[in-house]
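One file, protein-v6.pdb, is given below (PDB, C-alpha atoms).
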ATOM      1  CA  MET C   1      57.421 104.301 134.942  1.00  0.00           C
ATOM      2  CA  SER C   2      60.894 102.841 134.617  1.00  0.00           C
ATOM      3  CA  GLU C   3      63.378 103.667 137.320  1.00  0.00           C
ATOM      4  CA  GLU C   4      66.331 105.807 136.374  1.00  0.00           C
ATOM      5  CA  ALA C   5      69.757 104.188 136.405  1.00  0.00           C
ATOM      6  CA  PRO C   6      71.661 105.077 139.562  1.00  0.00           C
ATOM      7  CA  PRO C   7      74.497 107.555 138.988  1.00  0.00           C
ATOM      8  CA  GLY C   8      76.976 104.989 140.241  1.00  0.00           C
ATOM      9  CA  LEU C   9      76.018 102.552 137.477  1.00  0.00           C
ATOM     10  CA  VAL C  10      76.713 105.116 134.733  1.00  0.00           C
ATOM     11  CA  LYS C  11      80.086 105.849 136.312  1.00  0.00           C
ATOM     12  CA  GLU C  12      80.962 102.143 136.428  1.00  0.00           C
ATOM     13  CA  VAL C  13      80.058 101.701 132.748  1.00  0.00           C
ATOM     14  CA  VAL C  14      82.306 104.623 131.779  1.00  0.00           C
ATOM     15  CA  ARG C  15      85.120 103.295 133.954  1.00  0.00           C
ATOM     16  CA  SER C  16      84.766  99.806 132.451  1.00  0.00           C
ATOM     17  CA  ALA C  17      85.164 101.287 128.956  1.00  0.00           C
ATOM     18  CA  LEU C  18      88.176 103.428 129.836  1.00  0.00           C
ATOM     19  CA  ARG C  19      89.669 100.893 132.292  1.00  0.00           C
ATOM     20  CA  VAL C  20      91.745 103.576 134.020  1.00  0.00           C
ATOM     21  CA  GLU C  21      91.054 106.297 136.535  1.00  0.00           C
ATOM     22  CA  ASN C  22      90.669 109.751 135.065  1.00  0.00           C
ATOM     23  CA  VAL C  23      93.784 111.043 136.778  1.00  0.00           C
ATOM     24  CA  ASP C  24      96.184 113.013 134.621  1.00  0.00           C
ATOM     25  CA  THR C  25      99.493 111.337 135.370  1.00  0.00           C
ATOM     26  CA  PRO C  26     102.183 110.026 132.962  1.00  0.00           C
ATOM     27  CA  ARG C  27     101.465 106.455 134.091  1.00  0.00           C
ATOM     28  CA  ASN C  28      97.711 106.740 133.482  1.00  0.00           C
ATOM     29  CA  ARG C  29      98.306 108.319 130.088  1.00  0.00           C
ATOM     30  CA  VAL C  30     100.265 105.226 129.098  1.00  0.00           C
ATOM     31  CA  LEU C  31      97.570 102.937 130.568  1.00  0.00           C
ATOM     32  CA  ALA C  32      94.833 104.803 128.706  1.00  0.00           C
ATOM     33  CA  VAL C  33      96.571 104.138 125.393  1.00  0.00           C
ATOM     34  CA  ALA C  34      97.645 100.575 126.152  1.00  0.00           C
ATOM     35  CA  HIS C  35      94.351  99.306 127.623  1.00  0.00           C
ATOM     36  CA  THR C  36      91.697 101.154 125.615  1.00  0.00           C
ATOM     37  CA  VAL C  37      90.429  99.650 122.365  1.00  0.00           C
ATOM     38  CA  TRP C  38      90.027 103.096 120.805  1.00  0.00           C
ATOM     39  CA  LEU C  39      93.584 104.232 121.464  1.00  0.00           C
ATOM     40  CA  HIS C  40      95.807 101.147 121.608  1.00  0.00           C
ATOM     41  CA  LEU C  41      96.944 101.514 117.991  1.00  0.00           C
ATOM     42  CA  HIS C  42      98.599 104.815 118.855  1.00  0.00           C
ATOM     43  CA  PRO C  43     102.004 105.035 120.546  1.00  0.00           C
ATOM     44  CA  THR C  44     102.050 106.010 124.200  1.00  0.00           C
ATOM     45  CA  LYS C  45     104.550 108.774 123.495  1.00  0.00           C
ATOM     46  CA  VAL C  46     105.331 110.677 120.302  1.00  0.00           C
ATOM     47  CA  PRO C  47     108.768 112.259 119.852  1.00  0.00           C
ATOM     48  CA  ARG C  48     108.806 115.939 118.973  1.00  0.00           C
ATOM     49  CA  HIS C  49     110.395 115.377 115.543  1.00  0.00           C
ATOM     50  CA  ALA C  50     107.595 112.985 114.554  1.00  0.00           C
ATOM     51  CA  VAL C  51     105.067 115.831 114.408  1.00  0.00           C
ATOM     52  CA  ARG C  52     107.359 118.208 112.546  1.00  0.00           C
ATOM     53  CA  PHE C  53     105.992 118.560 109.029  1.00  0.00           C
ATOM     54  CA  SER C  54     109.379 119.766 107.791  1.00  0.00           C
ATOM     55  CA  PHE C  55     110.846 116.378 108.760  1.00  0.00           C
ATOM     56  CA  THR C  56     108.117 113.850 107.922  1.00  0.00           C
ATOM     57  CA  TRP C  57     106.233 115.843 105.240  1.00  0.00           C
ATOM     58  CA  GLY C  58     103.191 113.952 106.541  1.00  0.00           C
ATOM     59  CA  ALA C  59     103.617 111.632 103.554  1.00  0.00           C
ATOM     60  CA  GLY C  60     102.987 108.355 105.385  1.00  0.00           C
ATOM     61  CA  GLY C  61      99.695 109.475 106.908  1.00  0.00           C
ATOM     62  CA  ILE C  62      98.569 111.156 103.692  1.00  0.00           C
ATOM     63  CA  SER C  63      99.310 107.946 101.760  1.00  0.00           C
ATOM     64  CA  PHE C  64      97.116 105.925 104.101  1.00  0.00           C
ATOM     65  CA  LEU C  65      94.348 108.556 103.955  1.00  0.00           C
ATOM     66  CA  LEU C  66      94.358 108.412 100.153  1.00  0.00           C
ATOM     67  CA  PHE C  67      94.211 104.610 100.336  1.00  0.00           C
ATOM     68  CA  LEU C  68      91.085 104.861 102.500  1.00  0.00           C
ATOM     69  CA  VAL C  69      89.514 107.320 100.035  1.00  0.00           C
ATOM     70  CA  THR C  70      90.164 105.006  97.095  1.00  0.00           C
ATOM     71  CA  LEU C  71      88.871 102.048  99.114  1.00  0.00           C
ATOM     72  CA  VAL C  72      85.567 103.692 100.057  1.00  0.00           C
ATOM     73  CA  THR C  73      84.927 105.199  96.622  1.00  0.00           C
ATOM     74  CA  GLY C  74      85.967 101.936  94.963  1.00  0.00           C
ATOM     75  CA  VAL C  75      83.396  99.964  96.935  1.00  0.00           C
ATOM     76  CA  ALA C  76      80.747 102.469  95.830  1.00  0.00           C
ATOM     77  CA  LEU C  77      81.802 102.031  92.192  1.00  0.00           C
ATOM     78  CA  MET C  78      81.489  98.252  92.485  1.00  0.00           C
ATOM     79  CA  PHE C  79      77.712  98.611  92.923  1.00  0.00           C
ATOM     80  CA  VAL C  80      77.427  99.957  89.369  1.00  0.00           C
ATOM     81  CA  TYR C  81      80.349  98.512  87.412  1.00  0.00           C
ATOM     82  CA  ARG C  82      80.196  95.103  85.673  1.00  0.00           C
ATOM     83  CA  PRO C  83      83.540  93.621  84.512  1.00  0.00           C
ATOM     84  CA  THR C  84      82.457  92.324  81.101  1.00  0.00           C
ATOM     85  CA  PRO C  85      83.372  93.644  77.637  1.00  0.00           C
ATOM     86  CA  GLU C  86      79.681  94.207  76.881  1.00  0.00           C
ATOM     87  CA  HIS C  87      78.976  96.372  79.937  1.00  0.00           C
ATOM     88  CA  ALA C  88      82.234  97.895  81.234  1.00  0.00           C
ATOM     89  CA  TRP C  89      82.425 100.989  79.024  1.00  0.00           C
ATOM     90  CA  LEU C  90      78.664 101.583  79.145  1.00  0.00           C
ATOM     91  CA  ASP C  91      78.715 101.349  82.938  1.00  0.00           C
ATOM     92  CA  MET C  92      81.445 103.992  83.065  1.00  0.00           C
ATOM     93  CA  LYS C  93      79.300 106.297  80.943  1.00  0.00           C
ATOM     94  CA  ARG C  94      76.306 105.563  83.171  1.00  0.00           C
ATOM     95  CA  LEU C  95      78.409 106.496  86.182  1.00  0.00           C
ATOM     96  CA  ASP C  96      79.339 109.804  84.557  1.00  0.00           C
ATOM     97  CA  PHE C  97      75.910 110.875  83.358  1.00  0.00           C
ATOM     98  CA  ASP C  98      73.104 108.825  84.969  1.00  0.00           C
ATOM     99  CA  VAL C  99      74.097 107.745  88.486  1.00  0.00           C
ATOM    100  CA  PRO C 100      73.658 110.490  91.114  1.00  0.00           C
ATOM    101  CA  PHE C 101      77.092 111.750  92.194  1.00  0.00           C
ATOM    102  CA  GLY C 102      78.614 109.041  89.993  1.00  0.00           C
ATOM    103  CA  MET C 103      81.032 111.375  88.235  1.00  0.00           C
ATOM    104  CA  LEU C 104      82.106 112.882  91.572  1.00  0.00           C
ATOM    105  CA  ASN C 105      82.680 109.427  93.047  1.00  0.00           C
ATOM    106  CA  ARG C 106      84.630 108.220  90.028  1.00  0.00           C
ATOM    107  CA  ASN C 107      86.809 111.330  89.922  1.00  0.00           C
ATOM    108  CA  MET C 108      87.498 111.112  93.661  1.00  0.00           C
ATOM    109  CA  HIS C 109      88.602 107.505  93.158  1.00  0.00           C
ATOM    110  CA  ARG C 110      90.735 108.347  90.151  1.00  0.00           C
ATOM    111  CA  TRP C 111      92.519 111.402  91.512  1.00  0.00           C
ATOM    112  CA  ALA C 112      93.031 109.898  94.959  1.00  0.00           C
ATOM    113  CA  ALA C 113      94.665 106.903  93.262  1.00  0.00           C
ATOM    114  CA  HIS C 114      96.965 109.140  91.194  1.00  0.00           C
ATOM    115  CA  ALA C 115      97.840 111.198  94.269  1.00  0.00           C
ATOM    116  CA  MET C 116      98.500 108.043  96.284  1.00  0.00           C
ATOM    117  CA  VAL C 117     101.128 106.891  93.787  1.00  0.00           C
ATOM    118  CA  ILE C 118     102.896 110.258  93.990  1.00  0.00           C
ATOM    119  CA  VAL C 119     102.727 110.550  97.783  1.00  0.00           C
ATOM    120  CA  VAL C 120     103.980 106.984  98.360  1.00  0.00           C
ATOM    121  CA  TRP C 121     107.023 107.805  96.225  1.00  0.00           C
ATOM    122  CA  VAL C 122     107.482 111.020  98.222  1.00  0.00           C
ATOM    123  CA  HIS C 123     107.250 109.028 101.460  1.00  0.00           C
ATOM    124  CA  LEU C 124     109.964 106.598 100.396  1.00  0.00           C
ATOM    125  CA  LEU C 125     112.099 109.501  99.188  1.00  0.00           C
ATOM    126  CA  ARG C 126     111.784 111.162 102.613  1.00  0.00           C
ATOM    127  CA  VAL C 127     112.667 107.927 104.405  1.00  0.00           C
ATOM    128  CA  PHE C 128     115.720 107.494 102.181  1.00  0.00           C
ATOM    129  CA  LEU C 129     116.947 111.086 102.471  1.00  0.00           C
ATOM    130  CA  THR C 130     116.634 111.111 106.272  1.00  0.00           C
ATOM    131  CA  GLY C 131     118.302 107.707 106.667  1.00  0.00           C
ATOM    132  CA  SER C 132     115.212 106.258 108.343  1.00  0.00           C
ATOM    133  CA  TYR C 133     115.800 102.918 106.631  1.00  0.00           C
ATOM    134  CA  LYS C 134     118.855 102.173 108.755  1.00  0.00           C
ATOM    135  CA  ALA C 135     119.050  99.840 111.764  1.00  0.00           C
ATOM    136  CA  PRO C 136     116.792  98.751 113.338  1.00  0.00           C
ATOM    137  CA  ARG C 137     114.335  99.639 110.557  1.00  0.00           C
ATOM    138  CA  GLN C 138     115.742  97.666 107.618  1.00  0.00           C
ATOM    139  CA  PHE C 139     112.868  95.166 107.620  1.00  0.00           C
ATOM    140  CA  ASN C 140     110.253  97.912 107.624  1.00  0.00           C
ATOM    141  CA  TRP C 141     112.037  99.546 104.681  1.00  0.00           C
ATOM    142  CA  VAL C 142     111.595  96.287 102.754  1.00  0.00           C
ATOM    143  CA  VAL C 143     107.916  96.232 103.756  1.00  0.00           C
ATOM    144  CA  GLY C 144     107.570  99.811 102.515  1.00  0.00           C
ATOM    145  CA  VAL C 145     109.107  98.948  99.153  1.00  0.00           C
ATOM    146  CA  GLY C 146     106.640  96.063  98.917  1.00  0.00           C
ATOM    147  CA  LEU C 147     103.765  98.465  99.632  1.00  0.00           C
ATOM    148  CA  LEU C 148     105.056 100.751  96.881  1.00  0.00           C
ATOM    149  CA  THR C 149     105.013  97.789  94.474  1.00  0.00           C
ATOM    150  CA  LEU C 150     101.440  96.923  95.459  1.00  0.00           C
ATOM    151  CA  THR C 151     100.433 100.561  94.968  1.00  0.00           C
ATOM    152  CA  MET C 152     101.859 100.562  91.440  1.00  0.00           C
ATOM    153  CA  LEU C 153     100.120  97.263  90.665  1.00  0.00           C
ATOM    154  CA  LEU C 154      96.818  98.677  91.931  1.00  0.00           C
ATOM    155  CA  SER C 155      97.229 101.652  89.609  1.00  0.00           C
ATOM    156  CA  PHE C 156      98.132  99.395  86.672  1.00  0.00           C
ATOM    157  CA  THR C 157      95.250  96.954  87.140  1.00  0.00           C
ATOM    158  CA  GLY C 158      92.738  99.773  87.561  1.00  0.00           C
ATOM    159  CA  TYR C 159      93.836 101.331  84.278  1.00  0.00           C
ATOM    160  CA  LEU C 160      92.085  98.654  82.224  1.00  0.00           C
ATOM    161  CA  LEU C 161      88.684  98.854  83.910  1.00  0.00           C
ATOM    162  CA  PRO C 162      87.253 101.833  81.936  1.00  0.00           C
ATOM    163  CA  TRP C 163      87.614  99.575  78.866  1.00  0.00           C
ATOM    164  CA  ASP C 164      88.360 102.331  76.373  1.00  0.00           C
ATOM    165  CA  GLN C 165      91.045 102.555  73.702  1.00  0.00           C
ATOM    166  CA  LEU C 166      93.544 104.304  75.968  1.00  0.00           C
ATOM    167  CA  SER C 167      93.307 101.664  78.686  1.00  0.00           C
ATOM    168  CA  MET C 168      93.390  98.721  76.292  1.00  0.00           C
ATOM    169  CA  TRP C 169      96.523  99.892  74.493  1.00  0.00           C
ATOM    170  CA  ALA C 170      98.243 100.944  77.723  1.00  0.00           C
ATOM    171  CA  VAL C 171      97.672  97.474  79.188  1.00  0.00           C
ATOM    172  CA  THR C 172      98.782  95.894  75.922  1.00  0.00           C
ATOM    173  CA  VAL C 173     102.104  97.723  76.172  1.00  0.00           C
ATOM    174  CA  GLY C 174     102.440  96.925  79.888  1.00  0.00           C
ATOM    175  CA  THR C 175     101.758  93.224  79.492  1.00  0.00           C
ATOM    176  CA  ASN C 176     104.123  93.033  76.495  1.00  0.00           C
ATOM    177  CA  MET C 177     106.808  94.246  78.883  1.00  0.00           C
ATOM    178  CA  ALA C 178     105.852  91.360  81.192  1.00  0.00           C
ATOM    179  CA  GLY C 179     106.387  89.002  78.271  1.00  0.00           C
ATOM    180  CA  ALA C 180     109.940  90.306  77.942  1.00  0.00           C
ATOM    181  CA  ALA C 181     110.716  90.167  81.669  1.00  0.00           C
ATOM    182  CA  PRO C 182     113.704  88.071  82.785  1.00  0.00           C
ATOM    183  CA  VAL C 183     112.980  84.461  83.799  1.00  0.00           C
ATOM    184  CA  VAL C 184     109.153  84.772  83.739  1.00  0.00           C
ATOM    185  CA  GLY C 185     108.696  86.128  80.194  1.00  0.00           C
ATOM    186  CA  HIS C 186     109.133  83.945  77.136  1.00  0.00           C
ATOM    187  CA  GLU C 187     110.960  86.752  75.288  1.00  0.00           C
ATOM    188  CA  GLY C 188     113.095  87.779  78.246  1.00  0.00           C
ATOM    189  CA  PRO C 189     116.616  86.710  79.188  1.00  0.00           C
ATOM    190  CA  PHE C 190     117.114  83.532  81.203  1.00  0.00           C
ATOM    191  CA  ALA C 191     113.680  82.256  80.145  1.00  0.00           C
ATOM    192  CA  ALA C 192     112.981  78.781  81.478  1.00  0.00           C
ATOM    193  CA  PRO C 193     112.874  75.922  78.936  1.00  0.00           C
ATOM    194  CA  GLY C 194     109.373  75.309  77.643  1.00  0.00           C
ATOM    195  CA  LEU C 195     108.201  78.847  78.396  1.00  0.00           C
ATOM    196  CA  THR C 196     106.040  80.168  75.543  1.00  0.00           C
ATOM    197  CA  ASP C 197     103.621  83.008  74.910  1.00  0.00           C
ATOM    198  CA  GLY C 198     100.882  80.726  76.194  1.00  0.00           C
ATOM    199  CA  ASN C 199     102.256  80.018  79.667  1.00  0.00           C
ATOM    200  CA  ASP C 200     104.468  82.973  80.675  1.00  0.00           C
ATOM    201  CA  LEU C 201     103.675  85.945  82.932  1.00  0.00           C
ATOM    202  CA  ARG C 202     101.934  87.832  80.136  1.00  0.00           C
ATOM    203  CA  ALA C 203      99.579  84.921  79.455  1.00  0.00           C
ATOM    204  CA  LEU C 204      98.907  84.633  83.200  1.00  0.00           C
ATOM    205  CA  LEU C 205      97.889  88.294  83.379  1.00  0.00           C
ATOM    206  CA  LEU C 206      95.769  88.323  80.228  1.00  0.00           C
ATOM    207  CA  GLY C 207      94.280  84.842  80.324  1.00  0.00           C
ATOM    208  CA  GLY C 208      94.806  84.653  76.570  1.00  0.00           C
ATOM    209  CA  PRO C 209      96.886  85.978  73.685  1.00  0.00           C
ATOM    210  CA  THR C 210      95.313  89.467  73.647  1.00  0.00           C
ATOM    211  CA  VAL C 211      93.543  91.912  75.944  1.00  0.00           C
ATOM    212  CA  GLY C 212      89.974  90.603  76.142  1.00  0.00           C
ATOM    213  CA  GLY C 213      87.227  89.593  78.518  1.00  0.00           C
ATOM    214  CA  ALA C 214      89.460  87.231  80.469  1.00  0.00           C
ATOM    215  CA  ALA C 215      92.014  89.987  81.055  1.00  0.00           C
ATOM    216  CA  LEU C 216      89.296  92.404  82.181  1.00  0.00           C
ATOM    217  CA  LEU C 217      87.956  89.915  84.721  1.00  0.00           C
ATOM    218  CA  ARG C 218      91.429  89.082  86.051  1.00  0.00           C
ATOM    219  CA  PHE C 219      92.387  92.736  86.389  1.00  0.00           C
ATOM    220  CA  TYR C 220      89.066  93.431  88.134  1.00  0.00           C
ATOM    221  CA  ILE C 221      89.632  90.659  90.700  1.00  0.00           C
ATOM    222  CA  LEU C 222      93.210  91.787  91.284  1.00  0.00           C
ATOM    223  CA  HIS C 223      92.216  95.439  91.564  1.00  0.00           C
ATOM    224  CA  CYS C 224      89.155  95.008  93.787  1.00  0.00           C
ATOM    225  CA  ILE C 225      89.996  91.993  95.967  1.00  0.00           C
ATOM    226  CA  ALA C 226      93.526  90.555  95.932  1.00  0.00           C
ATOM    227  CA  LEU C 227      95.684  93.683  95.843  1.00  0.00           C
ATOM    228  CA  PRO C 228      93.621  95.783  98.321  1.00  0.00           C
ATOM    229  CA  LEU C 229      93.691  92.908 100.820  1.00  0.00           C
ATOM    230  CA  ALA C 230      97.436  92.515 100.406  1.00  0.00           C
ATOM    231  CA  LEU C 231      97.974  96.270 100.737  1.00  0.00           C
ATOM    232  CA  GLY C 232      95.767  96.471 103.831  1.00  0.00           C
ATOM    233  CA  LEU C 233      97.622  93.631 105.553  1.00  0.00           C
ATOM    234  CA  GLY C 234     100.921  95.194 104.532  1.00  0.00           C
ATOM    235  CA  CYS C 235      99.872  98.517 106.082  1.00  0.00           C
ATOM    236  CA  ILE C 236      99.045  96.755 109.352  1.00  0.00           C
ATOM    237  CA  LEU C 237     102.488  95.147 109.381  1.00  0.00           C
ATOM    238  CA  HIS C 238     104.121  98.439 108.408  1.00  0.00           C
ATOM    239  CA  PHE C 239     102.444 100.424 111.195  1.00  0.00           C
ATOM    240  CA  TRP C 240     103.210  97.733 113.775  1.00  0.00           C
ATOM    241  CA  ARG C 241     106.869  97.711 112.787  1.00  0.00           C
ATOM    242  CA  VAL C 242     107.040 101.489 113.158  1.00  0.00           C
ATOM    243  CA  ARG C 243     106.073 101.074 116.811  1.00  0.00           C
ATOM    244  CA  ARG C 244     108.107  97.908 117.238  1.00  0.00           C
ATOM    245  CA  ASP C 245     111.267  99.626 115.974  1.00  0.00           C
ATOM    246  CA  GLY C 246     110.966 102.577 118.335  1.00  0.00           C
ATOM    247  CA  GLY C 247     108.672 104.946 116.463  1.00  0.00           C
ATOM    248  CA  ILE C 248     109.524 107.405 113.715  1.00  0.00           C
ATOM    249  CA  SER C 249     113.281 107.799 113.489  1.00  0.00           C
ATOM    250  CA  GLY C 250     114.856 111.114 114.369  1.00  0.00           C
ATOM    251  CA  PRO C 251     116.608 113.560 112.044  1.00  0.00           C
ATOM    252  CA  LYS C 252     119.979 111.894 112.727  1.00  0.00           C
ATOM    253  CA  GLY C 253     118.706 108.321 112.286  1.00  0.00           C
ATOM    254  CA  GLY C 254     118.120 107.748 115.996  1.00  0.00           C
ATOM    255  CA  ALA C 255     114.926 106.608 117.699  1.00  0.00           C
TER
END
Structure rendered as structure tokens:
Amino acid sequence: MSEEAPPGLVKEVVRSALRVENVDTPRNRVLAVAHTVWLHLHPTKVPRHAVRFSFTWGAGGISFLLFLVTLVTGVALMFVYRPTPEHAWLDMKRLDFDVPFGMLNRNMHRWAAHAMVIVVWVHLLRVFLTGSYKAPRQFNWVVGVGLLTLTMLLSFTGYLLPWDQLSMWAVTVGTNMAGAAPVVGHEGPFAAPGLTDGNDLRALLLGGPTVGGAALLRFYILHCIALPLALGLGCILHFWRVRRDGGISGPKGGA
């Protein structure tokens, strides 16, 4: 028979994980957050206004939650979906009618993505109306605007993946707008010399003159790899700057 572990050993293992004595003092509360891997991402103290729903609307946390939902459901969809003109639409139909819980997973991904776009706009509106973009948070405001741009690009690139008539014509209109963009579009103002419909931003997005297999593959890579990675790294920077700049700003713009 194996000998039981001495009670002191179990206590030492627990103490080594927590790294602080279990004494309820303000100092040990700070140490528990700062020195524990499970809690160190959280601030040591949270101001009262930061947990008031009437002030924050909870929009920042809800945005990140919706991003996690779209991320998890999107990974599940990748096991079934193939980004080729021959298979894309058929795979979407297979998800809806043949794959167990496929329709539920697809609808969770779709509606979480739509809700994320709305809530991110609400979050920036709240930050603007409460003056939370002011010093010392100007840089984090710029980061937030960048995250909004990435969110819109994620929504746009995902629109093509069902490969139906609605998505194809919507992307055709969207990429035509890119062709008329200033500087980077051959039809836009201030277009660089030598810029044509074969080497401008529209051609870069589509990989050809029209929406086809090359565009589907590029949008798939952007939607499933490049943009989620950029958004995830941006969220890390955004959350760190919230703590770095003194936490969530107060109702009067103070820390």
Looking at C:Ala214, C:Val173, C:Ala181, C:Ala59, which one is nearest to Arg126 of chain C, with distances taken over all atoms listed in the file?
->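 Checking each candidate against Arg126 of chain C, we get C:Ala59 as the closest.
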Excluding same-chain residues fewer than 5 positions from Trp57 of chain C, what lies within 9 Å of it counting only C-alpha atoms, as number ranges by chain?
-> C: 52, 122-123, 126
When you draw a straight line from atom CA of Ala34 of chain C to atom CA of Ile236 of chain C, how long is it in Å?
->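 Taking atom CA of Ala34 of chain C as the start and atom CA of Ile236 of chain C as the end point, the length is 17.3 Å.
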By how many Å are atom CA of Met92 of chain C and atom CA of Met78 of chain C apart?
->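 Answer for the atom CA of Met92 of chain C to atom CA of Met78 of chain C separation: 11.0 Å.
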Quote the spacing between atom CA of Val69 of chain C and atom CA of Ala113 of chain C in Å to one decimal place.
->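 Separation between atom CA of Val69 of chain C and atom CA of Ala113 of chain C: 8.5 Å.
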Taking every listed atom of segment 185-189 of chain C and adding 8 Å to each side, what centre and edge lengths in Å (one decimal) does the axis-aligned box have, as lines of an AutoDock Vina configuration file?
center_x = 112.7
center_y = 85.9
center_z = 77.7
size_x = 23.9
size_y = 19.8
size_z = 20.9
Report as a ChimeraX atom specification the residues that result from applying the PyMOL selection byres ((chain C and resi 180) around 12) to the structure here.
-> /C:173-179,181-191,195-197,200-203
Anything within 9 Å of (110.1, 113.2, 119.2): list those residues as an MDAnalysis selection string, counting all atoms listed in the file and sticking to the file's coordinates.
-> chainID C and resid 45:52 247:250 255
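Those residues positioned at most 9 Å from (88.8, 106.3, 93.6) are Leu66, Phe67, Val69, Thr70, Leu71, Val72, Thr73, Gly74, Val75, Leu77, Asn105, Arg106, Asn107, Met108, His109, Arg110, Trp111, Ala112, Ala113 and His114 of chain C, judged using only C-alpha atoms.
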Considering all atoms listed in the file, return as a list in words whatever protein or nucleic-acid residues lie within 12 Å of Thr44 of chain C, sequence-local ones (same chain, fewer than 6 positions apart) excluded.
->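 Everything that qualifies: Pro26, Arg27, Asn28, Arg29, Val30, Leu31, Ala32, Val33, Ala34, His35, Thr36, Arg243, Gly246 and Gly247 of chain C.
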Write the residues you've just listed into a file as a CSV table (one decimal), in the frame of the given file, and include C-alpha atoms for each of them.
chain,number,residue,atom,x,y,z
C,26,PRO,CA,102.2,110.0,133.0
C,27,ARG,CA,101.5,106.5,134.1
C,28,ASN,CA,97.7,106.7,133.5
C,29,ARG,CA,98.3,108.3,130.1
C,30,VAL,CA,100.3,105.2,129.1
C,31,LEU,CA,97.6,102.9,130.6
C,32,ALA,CA,94.8,104.8,128.7
C,33,VAL,CA,96.6,104.1,125.4
C,34,ALA,CA,97.6,100.6,126.2
C,35,HIS,CA,94.4,99.3,127.6
C,36,THR,CA,91.7,101.2,125.6
C,243,ARG,CA,106.1,101.1,116.8
C,246,GLY,CA,111.0,102.6,118.3
C,247,GLY,CA,108.7,104.9,116.5
Between C:Leu160, C:Val14, C:Leu222, C:Leu233, which one has atoms that come closest to Pro85 of chain C, using only C-alpha atoms?
->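 Going through C:Leu160, C:Val14, C:Leu222, C:Leu233 one by one, the smallest distance to Pro85 of chain C is for C:Leu160.
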Between C:Asp245, C:Ala115, C:Ala170, C:Arg15, smallest distance to Lys134 of chain C by all atoms listed in the file belongs to C:Asp245
Output: segment 107-120 of chain C of the preceding structure, restricted to C-alpha atoms, written as a compact mmCIF listing (two decimals), in the first residue's frame.
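File result21.txt, as written:
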# COMPACT_ATOMS: atom_id res chain seq x y z
CA ASN C 107 -25.88 30.83 -36.33
CA MET C 108 -24.00 31.40 -33.07
CA HIS C 109 -20.98 32.50 -35.10
CA ARG C 110 -23.04 34.73 -37.36
CA TRP C 111 -25.13 36.48 -34.72
CA ALA C 112 -22.23 36.88 -32.30
CA ALA C 113 -20.28 38.55 -35.12
CA HIS C 114 -23.17 40.93 -35.91
CA ALA C 115 -23.62 41.71 -32.21
CA MET C 116 -19.88 42.30 -31.81
CA VAL C 117 -19.92 45.00 -34.49
CA ILE C 118 -22.81 46.77 -32.75
CA VAL C 119 -21.37 46.49 -29.24
CA VAL C 120 -17.90 47.70 -30.28
